[in-house]
Amino acid sequence: MPKGMLAAAGCGLAGVGVLFYSAQVADGVRSGLALCGQTLIPSLFPFMALAVLTGRSAAAQPVCRLLGPFCRRWLRLPQSLAPVLLMSFVGGYPTGARMLSGMIKSGEITPDEAQRLLFFAVSPAPSFAVVAVGCGLLGSARAGAVIYGCHLFTALLLGGRQARRHTTPPAQTEKRPHLPFAAALVESTAAAVEGMLSICGFVLLFSALLALLQAV
């Protein structure tokens with residue numbers, strides 16, 4: 001079979017399906033929009049904006065001083081990743097991934113260091129675990145808190161285990177460059193909007209595909 005033929009056939013079939021089952025696909029998109037508006041955006045957007053604001057403003061300095069030694073000695077990662085670690089656990093893994101992307105582009109960290117952090121910093125945001133999963137799905141905020149606690153403990157344990165294969169990085173004494181607060185606020189809001197659009201775009205796409213498969 002020629003290269004790309006299978007992908008072309010799949011896209012063609014999906015296009016035909018969208019034409020013949022347009023009503024069902026539209027309902028799927030509406031369901032995706034409801035999920036984004038009622039769950040994902042309220043639980044992720046504020047934390048994504050706060051995460052970028054923390055990383056790009058002077059607020060990162062006290063976080064590095066407080067959590068930097070733990071990040072360097074237990075996880076064997078640079079102290080500059082301490083704000084990313086904190087916001088990954090507070091705002092969920094999309095927040096941490098967004099911060100890491102910016103740090104790689106600015107040259108503050110290497111792709112290998114970012115990959116090591118993403119290997120274990122994959123817990124959900126506490127608001128999502130408690131509100132969406134605990135209260136929404138399980139009917140118990142305590143159950144959501146337990147789920148989040150298990151994620152957090154396992155992530156730190158996994159991060160420490162992975163770190164045994166690496167050496168402890170040297171302590172960082174120089175201060176990280178940061179933007180003025182107003183500029184950091186504007187940049188963090190724009191970055192959070194861009195990140196949420198990307199996440200919601202995938203949610204809408206797969207909601208539409210799921211509705212199409214169910215209709216067929």
# chains A, B, ... in the order shown; residues from 1 in each chain; ligands from 1
$ residues_around --residues "A:Val130" --least-positions-apart "6" --cutoff "9 Å" --atoms "only C-alpha atoms" --output "PDB file with N, CA and C atoms, in the first residue's frame"
ATOM      1  N   GLY A 136     -18.261  15.443  41.270  1.00  0.00           N
ATOM      2  CA  GLY A 136     -19.054  15.221  40.066  1.00  0.00           C
ATOM      3  C   GLY A 136     -19.291  13.771  39.726  1.00  0.00           C
ATOM      4  N   SER A 140     -18.317  12.524  46.244  1.00  0.00           N
ATOM      5  CA  SER A 140     -17.607  12.671  47.511  1.00  0.00           C
ATOM      6  C   SER A 140     -16.357  13.507  47.296  1.00  0.00           C
ATOM      7  N   ALA A 141     -16.305  14.663  47.953  1.00  0.00           N
ATOM      8  CA  ALA A 141     -15.112  15.499  47.868  1.00  0.00           C
ATOM      9  C   ALA A 141     -13.922  14.810  48.520  1.00  0.00           C
ATOM     10  N   ARG A 142     -14.183  14.050  49.585  1.00  0.00           N
ATOM     11  CA  ARG A 142     -13.093  13.340  50.263  1.00  0.00           C
ATOM     12  C   ARG A 142     -12.451  12.316  49.335  1.00  0.00           C
ATOM     13  N   ALA A 143     -13.267  11.621  48.554  1.00  0.00           N
ATOM     14  CA  ALA A 143     -12.713  10.642  47.611  1.00  0.00           C
ATOM     15  C   ALA A 143     -11.818  11.329  46.586  1.00  0.00           C
ATOM     16  N   GLY A 144     -12.237  12.497  46.110  1.00  0.00           N
ATOM     17  CA  GLY A 144     -11.402  13.243  45.175  1.00  0.00           C
ATOM     18  C   GLY A 144     -10.094  13.684  45.803  1.00  0.00           C
ATOM     19  N   ALA A 145     -10.143  14.095  47.085  1.00  0.00           N
ATOM     20  CA  ALA A 145      -8.923  14.499  47.780  1.00  0.00           C
ATOM     21  C   ALA A 145      -7.974  13.321  47.957  1.00  0.00           C
ATOM     22  N   VAL A 146      -8.531  12.143  48.244  1.00  0.00           N
ATOM     23  CA  VAL A 146      -7.697  10.941  48.388  1.00  0.00           C
ATOM     24  C   VAL A 146      -7.033  10.597  47.056  1.00  0.00           C
ATOM     25  N   ILE A 147      -7.793  10.694  45.974  1.00  0.00           N
ATOM     26  CA  ILE A 147      -7.233  10.419  44.643  1.00  0.00           C
ATOM     27  C   ILE A 147      -6.092  11.381  44.338  1.00  0.00           C
ATOM     28  N   TYR A 148      -6.305  12.655  44.645  1.00  0.00           N
ATOM     29  CA  TYR A 148      -5.248  13.636  44.393  1.00  0.00           C
ATOM     30  C   TYR A 148      -4.018  13.351  45.252  1.00  0.00           C
TER      31      TYR A 148
END
$ closest_atom_pairs --of "stretch 49-92 of chain A" --to "stretch 158-167 of chain A" --cutoff "8 Å" --atoms "only C-alpha atoms" --output "JSON lines"
{"residue": "A:Trp74", "atom": "CA", "partner": "A:Gly160", "partner_atom": "CA", "distance": 5.6}
{"residue": "A:Leu75", "atom": "CA", "partner": "A:Gly160", "partner_atom": "CA", "distance": 5.1}
{"residue": "A:Arg76", "atom": "CA", "partner": "A:Ala163", "partner_atom": "CA", "distance": 5.6}
$ residues_around --residues "A:Leu205" --least-positions-apart "3" --cutoff "10 Å" --atoms "only C-alpha atoms" --output "list of chain:residue names"
A:Val25, A:Gly28, A:Val29, A:Gly32, A:Cys200, A:Gly201, A:Phe202, A:Ala208, A:Leu209, A:Leu210
$ write_last_selection --atoms "C-alpha atoms" --output "JSON list (two decimals), in the first residue's frame"
[["chain", "number", "residue", "atom", "x", "y", "z"],
["A", 25, "VAL", "CA", -21.39, 15.31, 15.05],
["A", 28, "GLY", "CA", -20.84, 15.86, 19.94],
["A", 29, "VAL", "CA", -19.22, 19.24, 19.47],
["A", 32, "GLY", "CA", -17.41, 19.00, 24.08],
["A", 200, "CYS", "CA", -10.38, 22.63, 24.13],
["A", 201, "GLY", "CA", -9.66, 22.13, 20.44],
["A", 202, "PHE", "CA", -8.63, 18.53, 21.06],
["A", 208, "ALA", "CA", -17.05, 14.97, 17.44],
["A", 209, "LEU", "CA", -15.24, 11.75, 16.45],
["A", 210, "LEU", "CA", -16.77, 9.86, 19.36]]
$ residues_around --residues "A:Pro78" --least-positions-apart "5" --cutoff "8 Å" --atoms "only C-alpha atoms" --output "list in words"
Gly68, Cys71, Arg72, Pro169, Pro170, Ala171 and Gln172 of chain A
$ atom_distance --atom1 "atom CA of A:Arg30" --atom2 "atom CA of A:Ala7"
26.6 Å
$ closest_residue --among "A:Gly102, A:Gly107, A:Pro126, A:Gly12" --to "A:Ala191" --atoms "only C-alpha atoms"
A:Gly102
$ select_by_dssp --residues "stretch 51-166 of chain A" --states "helix (DSSP H, G or I)" --output "PyMOL selection string"
chain A and resi 51-56+60-73+79-91+93-106+111-118+126-138+141-163
$ closest_atom_pairs --of "stretch 85-161 of chain A" --to "stretch 43-59 of chain A" --cutoff "8 Å" --atoms "only C-alpha atoms" --output "Markdown table"
| residue | atom | partner | partner_atom | distance |
| --- | --- | --- | --- | --- |
| A:Met87 | CA | A:Ala51 | CA | 5.7 |
| A:Val90 | CA | A:Phe47 | CA | 7.4 |
| A:Gly91 | CA | A:Phe47 | CA | 4.8 |
| A:Gly92 | CA | A:Leu44 | CA | 7.4 |
| A:Pro94 | CA | A:Met48 | CA | 7.7 |
| A:Thr95 | CA | A:Met48 | CA | 4.9 |
| A:Gly96 | CA | A:Ala51 | CA | 7.6 |
| A:Arg98 | CA | A:Met48 | CA | 7.7 |
| A:Met99 | CA | A:Val52 | CA | 6.0 |
| A:Ala125 | CA | A:Ser43 | CA | 7.5 |
| A:Ser127 | CA | A:Ser43 | CA | 5.9 |
| A:Phe128 | CA | A:Ser43 | CA | 5.8 |
